[in-house]
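Next up, input_20.csv (CSV, N, CA, C and O atoms):
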chain,number,residue,atom,x,y,z
A,1425,GLY,N,106.3,73.4,-31.5
A,1425,GLY,CA,106.0,72.1,-32.0
A,1425,GLY,C,107.3,71.4,-32.5
A,1425,GLY,O,108.4,71.8,-32.2
A,1426,GLY,N,107.1,70.5,-33.3
A,1426,GLY,CA,108.2,69.7,-33.9
A,1426,GLY,C,108.5,68.4,-33.2
A,1426,GLY,O,108.0,68.2,-32.1
A,1427,ALA,N,109.3,67.6,-33.8
A,1427,ALA,CA,109.6,66.3,-33.3
A,1427,ALA,C,110.7,66.5,-32.1
A,1427,ALA,O,111.6,67.3,-32.2
A,1428,PRO,N,110.6,65.7,-31.1
A,1428,PRO,CA,111.6,65.8,-30.0
A,1428,PRO,C,112.9,65.2,-30.5
A,1428,PRO,O,112.9,64.3,-31.3
A,1429,PHE,N,114.0,65.7,-30.0
A,1429,PHE,CA,115.3,65.2,-30.3
A,1429,PHE,C,115.6,64.0,-29.5
A,1429,PHE,O,115.1,63.9,-28.3
A,1430,PRO,N,116.4,63.1,-29.9
A,1430,PRO,CA,117.0,63.0,-31.3
A,1430,PRO,C,115.9,62.3,-32.2
A,1430,PRO,O,115.0,61.7,-31.8
A,1431,TYR,N,116.1,62.6,-33.5
A,1431,TYR,CA,115.3,61.9,-34.5
A,1431,TYR,C,116.1,61.7,-35.8
A,1431,TYR,O,117.1,62.2,-36.0
A,1432,LEU,N,115.5,60.8,-36.6
A,1432,LEU,CA,116.1,60.5,-37.9
A,1432,LEU,C,115.3,61.2,-39.0
A,1432,LEU,O,114.1,61.0,-39.1
A,1433,LEU,N,116.0,62.0,-39.8
A,1433,LEU,CA,115.3,62.8,-40.8
A,1433,LEU,C,115.6,62.1,-42.2
A,1433,LEU,O,116.8,61.9,-42.5
A,1434,PHE,N,114.6,61.7,-42.9
A,1434,PHE,CA,114.7,61.1,-44.2
A,1434,PHE,C,114.1,62.1,-45.2
A,1434,PHE,O,112.9,62.2,-45.3
A,1435,LEU,N,114.9,62.8,-45.9
A,1435,LEU,CA,114.5,63.9,-46.8
A,1435,LEU,C,114.4,63.3,-48.2
A,1435,LEU,O,115.4,62.9,-48.8
A,1436,LEU,N,113.2,63.3,-48.8
A,1436,LEU,CA,113.0,62.8,-50.1
A,1436,LEU,C,112.6,64.0,-51.0
A,1436,LEU,O,111.7,64.7,-50.6
A,1437,SER,N,113.3,64.2,-52.1
A,1437,SER,CA,112.9,65.2,-53.0
A,1437,SER,C,113.0,64.8,-54.4
A,1437,SER,O,113.5,63.7,-54.7
A,1438,GLY,N,112.6,65.6,-55.4
A,1438,GLY,CA,112.7,65.3,-56.8
A,1438,GLY,C,114.2,65.4,-57.2
A,1438,GLY,O,114.5,64.9,-58.3
A,1439,GLY,N,115.0,66.0,-56.4
A,1439,GLY,CA,116.4,66.1,-56.7
A,1439,GLY,C,117.2,65.0,-56.1
A,1439,GLY,O,117.3,63.9,-56.6
A,1440,HIS,N,117.7,65.2,-54.9
A,1440,HIS,CA,118.4,64.2,-54.2
A,1440,HIS,C,117.8,64.0,-52.8
A,1440,HIS,O,117.1,64.8,-52.3
A,1441,SER,N,118.1,62.8,-52.2
A,1441,SER,CA,117.6,62.4,-50.9
A,1441,SER,C,118.7,62.2,-49.9
A,1441,SER,O,119.8,61.9,-50.3
A,1442,GLN,N,118.4,62.4,-48.7
A,1442,GLN,CA,119.4,62.3,-47.6
A,1442,GLN,C,118.8,61.6,-46.4
A,1442,GLN,O,117.6,61.8,-46.1
A,1443,CYS,N,119.6,61.0,-45.6
A,1443,CYS,CA,119.3,60.4,-44.3
A,1443,CYS,C,120.2,61.1,-43.3
A,1443,CYS,O,121.4,61.0,-43.4
A,1444,ILE,N,119.5,61.8,-42.3
A,1444,ILE,CA,120.3,62.6,-41.4
A,1444,ILE,C,119.9,62.3,-39.9
A,1444,ILE,O,118.7,62.3,-39.6
A,1445,ALA,N,120.9,62.1,-39.1
A,1445,ALA,CA,120.6,61.9,-37.7
A,1445,ALA,C,120.6,63.3,-37.0
A,1445,ALA,O,121.6,64.0,-37.1
A,1446,VAL,N,119.5,63.7,-36.4
A,1446,VAL,CA,119.4,65.1,-35.8
A,1446,VAL,C,119.4,64.9,-34.3
A,1446,VAL,O,118.5,64.4,-33.7
A,1447,ALA,N,120.5,65.4,-33.7
A,1447,ALA,CA,120.6,65.4,-32.2
A,1447,ALA,C,120.1,66.6,-31.5
A,1447,ALA,O,119.7,66.5,-30.3
A,1448,GLY,N,120.0,67.7,-32.2
A,1448,GLY,CA,119.5,69.0,-31.6
A,1448,GLY,C,119.7,70.1,-32.7
A,1448,GLY,O,120.1,69.8,-33.8
A,1449,VAL,N,119.3,71.3,-32.3
A,1449,VAL,CA,119.4,72.4,-33.2
A,1449,VAL,C,120.8,72.6,-33.6
A,1449,VAL,O,121.7,72.8,-32.7
A,1450,GLY,N,121.1,72.5,-34.9
A,1450,GLY,CA,122.5,72.7,-35.3
A,1450,GLY,C,123.4,71.5,-35.1
A,1450,GLY,O,124.6,71.6,-35.4
A,1451,ARG,N,122.9,70.4,-34.6
A,1451,ARG,CA,123.7,69.2,-34.3
A,1451,ARG,C,123.1,68.1,-35.1
A,1451,ARG,O,122.1,67.5,-34.7
A,1452,HIS,N,123.7,67.8,-36.2
A,1452,HIS,CA,123.2,66.7,-37.1
A,1452,HIS,C,124.4,66.1,-37.8
A,1452,HIS,O,125.5,66.7,-37.9
A,1453,VAL,N,124.2,64.9,-38.2
A,1453,VAL,CA,125.2,64.1,-39.0
A,1453,VAL,C,124.5,63.5,-40.2
A,1453,VAL,O,123.4,62.8,-40.1
A,1454,ARG,N,125.0,63.8,-41.4
A,1454,ARG,CA,124.5,63.2,-42.6
A,1454,ARG,C,125.0,61.7,-42.7
A,1454,ARG,O,126.2,61.4,-42.7
A,1455,LEU,N,124.0,60.8,-42.6
A,1455,LEU,CA,124.4,59.4,-42.7
A,1455,LEU,C,124.5,58.8,-44.1
A,1455,LEU,O,125.2,57.8,-44.3
A,1456,GLY,N,123.8,59.4,-45.0
A,1456,GLY,CA,123.9,59.0,-46.4
A,1456,GLY,C,122.9,59.8,-47.3
A,1456,GLY,O,122.2,60.6,-46.8
A,1457,GLY,N,123.0,59.5,-48.5
A,1457,GLY,CA,122.1,60.1,-49.5
A,1457,GLY,C,122.2,59.5,-50.9
A,1457,GLY,O,122.9,58.4,-51.0
A,1458,THR,N,121.6,60.1,-51.8
A,1458,THR,CA,121.6,59.5,-53.2
A,1458,THR,C,123.0,59.6,-53.8
A,1458,THR,O,123.7,60.6,-53.6
A,1459,VAL,N,123.4,58.5,-54.5
A,1459,VAL,CA,124.7,58.6,-55.2
A,1459,VAL,C,124.5,58.7,-56.7
A,1459,VAL,O,125.4,58.8,-57.4
A,1460,ASP,N,123.2,58.6,-57.1
A,1460,ASP,CA,122.9,58.8,-58.5
A,1460,ASP,C,121.6,59.6,-58.5
A,1460,ASP,O,121.4,60.4,-57.7
A,1461,ASP,N,120.7,59.2,-59.4
A,1461,ASP,CA,119.4,59.9,-59.5
A,1461,ASP,C,118.6,59.7,-58.3
A,1461,ASP,O,118.6,58.6,-57.7
A,1462,ALA,N,117.9,60.7,-57.9
A,1462,ALA,CA,116.9,60.6,-56.8
A,1462,ALA,C,115.7,59.8,-57.3
A,1462,ALA,O,115.5,59.7,-58.5
A,1463,ALA,N,114.9,59.4,-56.4
A,1463,ALA,CA,113.7,58.6,-56.8
A,1463,ALA,C,112.8,59.4,-57.8
A,1463,ALA,O,112.3,58.8,-58.8
A,1464,GLY,N,112.6,60.6,-57.5
A,1464,GLY,CA,111.7,61.4,-58.4
A,1464,GLY,C,112.2,61.5,-59.8
A,1464,GLY,O,111.5,61.4,-60.8
A,1465,GLU,N,113.6,61.7,-60.0
A,1465,GLU,CA,114.2,61.7,-61.3
A,1465,GLU,C,114.0,60.4,-62.0
A,1465,GLU,O,113.8,60.3,-63.2
A,1466,ALA,N,114.2,59.3,-61.3
A,1466,ALA,CA,114.1,58.0,-61.9
A,1466,ALA,C,112.7,57.7,-62.3
A,1466,ALA,O,112.5,57.2,-63.4
A,1467,PHE,N,111.7,58.1,-61.5
A,1467,PHE,CA,110.3,58.0,-61.9
A,1467,PHE,C,110.0,58.8,-63.2
A,1467,PHE,O,109.3,58.3,-64.1
A,1468,ASP,N,110.5,60.0,-63.3
A,1468,ASP,CA,110.3,60.8,-64.4
A,1468,ASP,C,110.9,60.2,-65.7
A,1468,ASP,O,110.3,60.2,-66.8
A,1469,LYS,N,112.1,59.6,-65.6
A,1469,LYS,CA,112.7,59.0,-66.7
A,1469,LYS,C,112.0,57.8,-67.2
A,1469,LYS,O,111.8,57.6,-68.4
A,1470,VAL,N,111.5,57.0,-66.3
A,1470,VAL,CA,110.7,55.8,-66.7
A,1470,VAL,C,109.4,56.2,-67.3
A,1470,VAL,O,109.0,55.6,-68.3
A,1471,ALA,N,108.8,57.2,-66.7
A,1471,ALA,CA,107.5,57.6,-67.3
A,1471,ALA,C,107.7,58.2,-68.7
A,1471,ALA,O,106.9,57.9,-69.6
A,1472,LYS,N,108.8,58.9,-68.9
A,1472,LYS,CA,109.1,59.4,-70.3
A,1472,LYS,C,109.2,58.2,-71.3
A,1472,LYS,O,108.7,58.3,-72.4
A,1473,LEU,N,110.0,57.2,-70.9
A,1473,LEU,CA,110.2,56.0,-71.7
A,1473,LEU,C,108.8,55.3,-72.1
A,1473,LEU,O,108.7,54.8,-73.1
A,1474,LEU,N,107.9,55.4,-71.1
A,1474,LEU,CA,106.6,54.8,-71.3
A,1474,LEU,C,105.5,55.7,-71.9
A,1474,LEU,O,104.4,55.4,-72.0
A,1475,ALA,N,106.0,56.9,-72.2
A,1475,ALA,CA,105.1,58.0,-72.8
A,1475,ALA,C,103.9,58.3,-71.8
A,1475,ALA,O,102.8,58.5,-72.2
A,1476,LEU,N,104.3,58.4,-70.5
A,1476,LEU,CA,103.3,58.8,-69.5
A,1476,LEU,C,103.4,60.2,-69.1
A,1476,LEU,O,104.4,60.9,-69.5
A,1477,ASP,N,102.4,60.8,-68.4
A,1477,ASP,CA,102.4,62.2,-68.0
A,1477,ASP,C,103.6,62.5,-67.1
A,1477,ASP,O,104.2,61.6,-66.4
A,1478,TRP,N,103.9,63.8,-67.0
A,1478,TRP,CA,105.0,64.3,-66.1
A,1478,TRP,C,104.2,65.0,-65.0
A,1478,TRP,O,103.3,65.7,-65.3
A,1479,PRO,N,104.6,65.0,-63.8
A,1479,PRO,CA,105.7,64.1,-63.2
A,1479,PRO,C,105.3,62.7,-63.3
A,1479,PRO,O,104.1,62.3,-63.2
A,1480,GLY,N,106.3,61.8,-63.3
A,1480,GLY,CA,106.1,60.4,-63.5
A,1480,GLY,C,105.6,59.6,-62.3
A,1480,GLY,O,105.0,58.6,-62.5
A,1481,GLY,N,105.9,60.1,-61.1
A,1481,GLY,CA,105.6,59.3,-59.9
A,1481,GLY,C,104.1,59.0,-59.8
A,1481,GLY,O,103.7,57.8,-59.7
A,1482,PRO,N,103.2,59.9,-59.9
A,1482,PRO,CA,101.7,59.6,-59.8
A,1482,PRO,C,101.2,58.7,-60.9
A,1482,PRO,O,100.5,57.7,-60.6
A,1483,ALA,N,101.7,58.8,-62.2
A,1483,ALA,CA,101.3,58.0,-63.3
A,1483,ALA,C,101.8,56.5,-63.0
A,1483,ALA,O,101.1,55.6,-63.2
A,1484,LEU,N,103.1,56.4,-62.6
A,1484,LEU,CA,103.6,55.1,-62.3
A,1484,LEU,C,102.9,54.4,-61.1
A,1484,LEU,O,102.7,53.2,-61.1
A,1485,GLU,N,102.6,55.2,-60.1
A,1485,GLU,CA,101.9,54.6,-59.0
A,1485,GLU,C,100.5,54.1,-59.4
A,1485,GLU,O,100.1,53.0,-58.9
A,1486,ARG,N,99.8,54.8,-60.2
A,1486,ARG,CA,98.5,54.3,-60.7
A,1486,ARG,C,98.7,52.9,-61.4
A,1486,ARG,O,97.9,52.0,-61.2
A,1487,ILE,N,99.7,52.8,-62.2
A,1487,ILE,CA,99.9,51.6,-63.0
A,1487,ILE,C,100.3,50.5,-62.0
A,1487,ILE,O,99.9,49.3,-62.1
A,1488,ALA,N,101.2,50.8,-61.1
A,1488,ALA,CA,101.8,49.8,-60.1
A,1488,ALA,C,100.7,49.2,-59.2
A,1488,ALA,O,100.9,48.0,-58.8
A,1489,ARG,N,99.7,49.9,-58.9
A,1489,ARG,CA,98.6,49.4,-58.0
A,1489,ARG,C,98.1,48.1,-58.6
A,1489,ARG,O,97.6,47.2,-57.8
A,1490,GLY,N,98.0,47.9,-59.9
A,1490,GLY,CA,97.5,46.7,-60.5
A,1490,GLY,C,98.5,45.7,-60.9
A,1490,GLY,O,98.2,44.7,-61.5
A,1491,GLY,N,99.8,45.9,-60.5
A,1491,GLY,CA,100.9,45.0,-60.9
A,1491,GLY,C,101.1,43.9,-60.0
A,1491,GLY,O,100.5,43.7,-58.9
A,1492,ASP,N,102.0,43.0,-60.4
A,1492,ASP,CA,102.4,41.8,-59.6
A,1492,ASP,C,103.8,42.1,-59.1
A,1492,ASP,O,104.8,42.1,-59.8
A,1493,PRO,N,103.9,42.3,-57.8
A,1493,PRO,CA,105.2,42.7,-57.2
A,1493,PRO,C,106.3,41.6,-57.3
A,1493,PRO,O,107.5,41.9,-57.2
A,1494,SER,N,105.9,40.4,-57.6
A,1494,SER,CA,106.9,39.3,-57.7
A,1494,SER,C,107.2,39.0,-59.2
A,1494,SER,O,108.0,38.0,-59.4
A,1495,ARG,N,106.7,39.7,-60.1
A,1495,ARG,CA,106.9,39.3,-61.5
A,1495,ARG,C,108.4,39.5,-62.0
A,1495,ARG,O,108.8,38.6,-62.7
A,1496,PHE,N,109.0,40.5,-61.6
A,1496,PHE,CA,110.4,40.8,-62.0
A,1496,PHE,C,111.3,40.8,-60.8
A,1496,PHE,O,111.1,41.5,-59.8
A,1497,PRO,N,112.4,40.0,-60.8
A,1497,PRO,CA,113.3,40.0,-59.7
A,1497,PRO,C,114.3,41.2,-59.8
A,1497,PRO,O,115.0,41.3,-60.8
A,1498,PHE,N,114.2,42.1,-58.9
A,1498,PHE,CA,115.0,43.3,-59.0
A,1498,PHE,C,116.3,43.1,-58.2
A,1498,PHE,O,116.2,42.4,-57.1
A,1499,PRO,N,117.4,43.6,-58.6
A,1499,PRO,CA,118.6,43.4,-57.8
A,1499,PRO,C,118.6,44.2,-56.5
A,1499,PRO,O,117.8,45.2,-56.4
A,1500,ARG,N,119.3,43.9,-55.6
A,1500,ARG,CA,119.4,44.6,-54.3
A,1500,ARG,C,120.8,45.2,-54.2
A,1500,ARG,O,121.7,44.6,-53.6
A,1501,PRO,N,121.0,46.4,-54.8
A,1501,PRO,CA,122.3,47.0,-54.8
A,1501,PRO,C,122.7,47.5,-53.4
A,1501,PRO,O,121.9,47.8,-52.6
A,1502,MET,N,124.0,47.5,-53.2
A,1502,MET,CA,124.6,48.2,-52.0
A,1502,MET,C,124.3,47.5,-50.7
A,1502,MET,O,124.3,48.1,-49.7
A,1503,LEU,N,123.9,46.2,-50.7
A,1503,LEU,CA,123.5,45.6,-49.5
A,1503,LEU,C,124.7,45.4,-48.5
A,1503,LEU,O,124.5,45.5,-47.3
A,1504,ARG,N,125.8,45.2,-49.0
A,1504,ARG,CA,127.0,45.0,-48.1
A,1504,ARG,C,127.9,46.3,-48.0
A,1504,ARG,O,129.0,46.2,-47.6
A,1505,ARG,N,127.3,47.4,-48.4
A,1505,ARG,CA,128.1,48.7,-48.3
A,1505,ARG,C,127.7,49.4,-47.0
A,1505,ARG,O,126.6,49.5,-46.6
A,1506,ASP,N,128.8,49.9,-46.4
A,1506,ASP,CA,128.6,50.6,-45.1
A,1506,ASP,C,127.8,52.0,-45.4
A,1506,ASP,O,127.9,52.5,-46.5
A,1507,GLY,N,127.1,52.4,-44.4
A,1507,GLY,CA,126.5,53.7,-44.5
A,1507,GLY,C,125.0,53.6,-45.0
A,1507,GLY,O,124.5,52.5,-45.1
A,1508,CYS,N,124.4,54.7,-45.2
A,1508,CYS,CA,123.0,54.8,-45.6
A,1508,CYS,C,122.8,55.4,-47.0
A,1508,CYS,O,121.8,56.0,-47.2
A,1509,ASP,N,123.8,55.2,-47.9
A,1509,ASP,CA,123.6,55.8,-49.2
A,1509,ASP,C,122.5,55.0,-49.9
A,1509,ASP,O,122.2,53.8,-49.7
A,1510,LEU,N,121.9,55.7,-50.8
A,1510,LEU,CA,120.7,55.2,-51.6
A,1510,LEU,C,121.2,55.0,-53.1
A,1510,LEU,O,121.8,55.9,-53.6

How would this structure read if it were set down as structure tokens?
Amino acid sequence: GGAPFPYLLFLLSGGHSQCIAVAGVGRHVRLGGTVDDAAGEAFDKVAKLLALDWPGGPALERIARGGDPSRFPFPRPMLRRDGCDL
């Protein structure tokens, strides 16, 4: 089984995340990855600030479902930066 080559692998973890182009077995190129905290770490830090349960992702997701996505204008960092870093 498995995905046919080539494919794009987007690895998300509680540590760091990566975007990898996979051309075949042992043939891959790392296109980018996290340059700071990974998403899971950021969720955990925000949840701690809000006194929510750990891990923070599920607790924040429950709260976010009832939120207004346009309430706060978030910056769009690294838009003009080459590569696929996060």

Self-check item: Nearest to Val1446 of chain A, chosen from A:Phe1434, A:Trp1478, A:Phe1498, A:Phe1429, with all atoms listed in the file counted in the distances
Solution: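 Result for the nearest residue to Val1446 of chain A: A:Phe1429.
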
Give me, as a PDB file with N, CA, C and O atoms, in the frame of the given file, the residues of chain A that a backbone DSSP run labels alpha helix (DSSP H).
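Printed below is out_15.pdb as written:
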ATOM      1  N   ALA A1463     114.900  59.400 -56.400  1.00  0.00           N
ATOM      2  CA  ALA A1463     113.700  58.600 -56.800  1.00  0.00           C
ATOM      3  C   ALA A1463     112.800  59.400 -57.800  1.00  0.00           C
ATOM      4  O   ALA A1463     112.300  58.800 -58.800  1.00  0.00           O
ATOM      5  N   GLY A1464     112.600  60.600 -57.500  1.00  0.00           N
ATOM      6  CA  GLY A1464     111.700  61.400 -58.400  1.00  0.00           C
ATOM      7  C   GLY A1464     112.200  61.500 -59.800  1.00  0.00           C
ATOM      8  O   GLY A1464     111.500  61.400 -60.800  1.00  0.00           O
ATOM      9  N   GLU A1465     113.600  61.700 -60.000  1.00  0.00           N
ATOM     10  CA  GLU A1465     114.200  61.700 -61.300  1.00  0.00           C
ATOM     11  C   GLU A1465     114.000  60.400 -62.000  1.00  0.00           C
ATOM     12  O   GLU A1465     113.800  60.300 -63.200  1.00  0.00           O
ATOM     13  N   ALA A1466     114.200  59.300 -61.300  1.00  0.00           N
ATOM     14  CA  ALA A1466     114.100  58.000 -61.900  1.00  0.00           C
ATOM     15  C   ALA A1466     112.700  57.700 -62.300  1.00  0.00           C
ATOM     16  O   ALA A1466     112.500  57.200 -63.400  1.00  0.00           O
ATOM     17  N   PHE A1467     111.700  58.100 -61.500  1.00  0.00           N
ATOM     18  CA  PHE A1467     110.300  58.000 -61.900  1.00  0.00           C
ATOM     19  C   PHE A1467     110.000  58.800 -63.200  1.00  0.00           C
ATOM     20  O   PHE A1467     109.300  58.300 -64.100  1.00  0.00           O
ATOM     21  N   ASP A1468     110.500  60.000 -63.300  1.00  0.00           N
ATOM     22  CA  ASP A1468     110.300  60.800 -64.400  1.00  0.00           C
ATOM     23  C   ASP A1468     110.900  60.200 -65.700  1.00  0.00           C
ATOM     24  O   ASP A1468     110.300  60.200 -66.800  1.00  0.00           O
ATOM     25  N   LYS A1469     112.100  59.600 -65.600  1.00  0.00           N
ATOM     26  CA  LYS A1469     112.700  59.000 -66.700  1.00  0.00           C
ATOM     27  C   LYS A1469     112.000  57.800 -67.200  1.00  0.00           C
ATOM     28  O   LYS A1469     111.800  57.600 -68.400  1.00  0.00           O
ATOM     29  N   VAL A1470     111.500  57.000 -66.300  1.00  0.00           N
ATOM     30  CA  VAL A1470     110.700  55.800 -66.700  1.00  0.00           C
ATOM     31  C   VAL A1470     109.400  56.200 -67.300  1.00  0.00           C
ATOM     32  O   VAL A1470     109.000  55.600 -68.300  1.00  0.00           O
ATOM     33  N   ALA A1471     108.800  57.200 -66.700  1.00  0.00           N
ATOM     34  CA  ALA A1471     107.500  57.600 -67.300  1.00  0.00           C
ATOM     35  C   ALA A1471     107.700  58.200 -68.700  1.00  0.00           C
ATOM     36  O   ALA A1471     106.900  57.900 -69.600  1.00  0.00           O
ATOM     37  N   LYS A1472     108.800  58.900 -68.900  1.00  0.00           N
ATOM     38  CA  LYS A1472     109.100  59.400 -70.300  1.00  0.00           C
ATOM     39  C   LYS A1472     109.200  58.200 -71.300  1.00  0.00           C
ATOM     40  O   LYS A1472     108.700  58.300 -72.400  1.00  0.00           O
ATOM     41  N   LEU A1473     110.000  57.200 -70.900  1.00  0.00           N
ATOM     42  CA  LEU A1473     110.200  56.000 -71.700  1.00  0.00           C
ATOM     43  C   LEU A1473     108.800  55.300 -72.100  1.00  0.00           C
ATOM     44  O   LEU A1473     108.700  54.800 -73.100  1.00  0.00           O
ATOM     45  N   GLY A1480     106.300  61.800 -63.300  1.00  0.00           N
ATOM     46  CA  GLY A1480     106.100  60.400 -63.500  1.00  0.00           C
ATOM     47  C   GLY A1480     105.600  59.600 -62.300  1.00  0.00           C
ATOM     48  O   GLY A1480     105.000  58.600 -62.500  1.00  0.00           O
ATOM     49  N   GLY A1481     105.900  60.100 -61.100  1.00  0.00           N
ATOM     50  CA  GLY A1481     105.600  59.300 -59.900  1.00  0.00           C
ATOM     51  C   GLY A1481     104.100  59.000 -59.800  1.00  0.00           C
ATOM     52  O   GLY A1481     103.700  57.800 -59.700  1.00  0.00           O
ATOM     53  N   PRO A1482     103.200  59.900 -59.900  1.00  0.00           N
ATOM     54  CA  PRO A1482     101.700  59.600 -59.800  1.00  0.00           C
ATOM     55  C   PRO A1482     101.200  58.700 -60.900  1.00  0.00           C
ATOM     56  O   PRO A1482     100.500  57.700 -60.600  1.00  0.00           O
ATOM     57  N   ALA A1483     101.700  58.800 -62.200  1.00  0.00           N
ATOM     58  CA  ALA A1483     101.300  58.000 -63.300  1.00  0.00           C
ATOM     59  C   ALA A1483     101.800  56.500 -63.000  1.00  0.00           C
ATOM     60  O   ALA A1483     101.100  55.600 -63.200  1.00  0.00           O
ATOM     61  N   LEU A1484     103.100  56.400 -62.600  1.00  0.00           N
ATOM     62  CA  LEU A1484     103.600  55.100 -62.300  1.00  0.00           C
ATOM     63  C   LEU A1484     102.900  54.400 -61.100  1.00  0.00           C
ATOM     64  O   LEU A1484     102.700  53.200 -61.100  1.00  0.00           O
ATOM     65  N   GLU A1485     102.600  55.200 -60.100  1.00  0.00           N
ATOM     66  CA  GLU A1485     101.900  54.600 -59.000  1.00  0.00           C
ATOM     67  C   GLU A1485     100.500  54.100 -59.400  1.00  0.00           C
ATOM     68  O   GLU A1485     100.100  53.000 -58.900  1.00  0.00           O
ATOM     69  N   ARG A1486      99.800  54.800 -60.200  1.00  0.00           N
ATOM     70  CA  ARG A1486      98.500  54.300 -60.700  1.00  0.00           C
ATOM     71  C   ARG A1486      98.700  52.900 -61.400  1.00  0.00           C
ATOM     72  O   ARG A1486      97.900  52.000 -61.200  1.00  0.00           O
ATOM     73  N   ILE A1487      99.700  52.800 -62.200  1.00  0.00           N
ATOM     74  CA  ILE A1487      99.900  51.600 -63.000  1.00  0.00           C
ATOM     75  C   ILE A1487     100.300  50.500 -62.000  1.00  0.00           C
ATOM     76  O   ILE A1487      99.900  49.300 -62.100  1.00  0.00           O
ATOM     77  N   ALA A1488     101.200  50.800 -61.100  1.00  0.00           N
ATOM     78  CA  ALA A1488     101.800  49.800 -60.100  1.00  0.00           C
ATOM     79  C   ALA A1488     100.700  49.200 -59.200  1.00  0.00           C
ATOM     80  O   ALA A1488     100.900  48.000 -58.800  1.00  0.00           O
TER      81      ALA A1488
END

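For Ser1441 of chain A, the list of residues within 5 Å, based on all atoms listed in the file and with local chain neighbours fewer than 3 positions off taken out, reads Leu1435, Leu1436, Ser1437, Gly1456, Gly1457 and Thr1458 of chain A.
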
Quiz item: DSSP on the backbone: what in chain A comes out strand (DSSP E), as a PyMOL selection string?
Solution: chain A and resi 1431-1435+1442-1448+1451-1457

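Computed from the coordinates, the atom CA of Glu1485 of chain A to atom CA of Ile1444 of chain A distance equals 26.7 Å.
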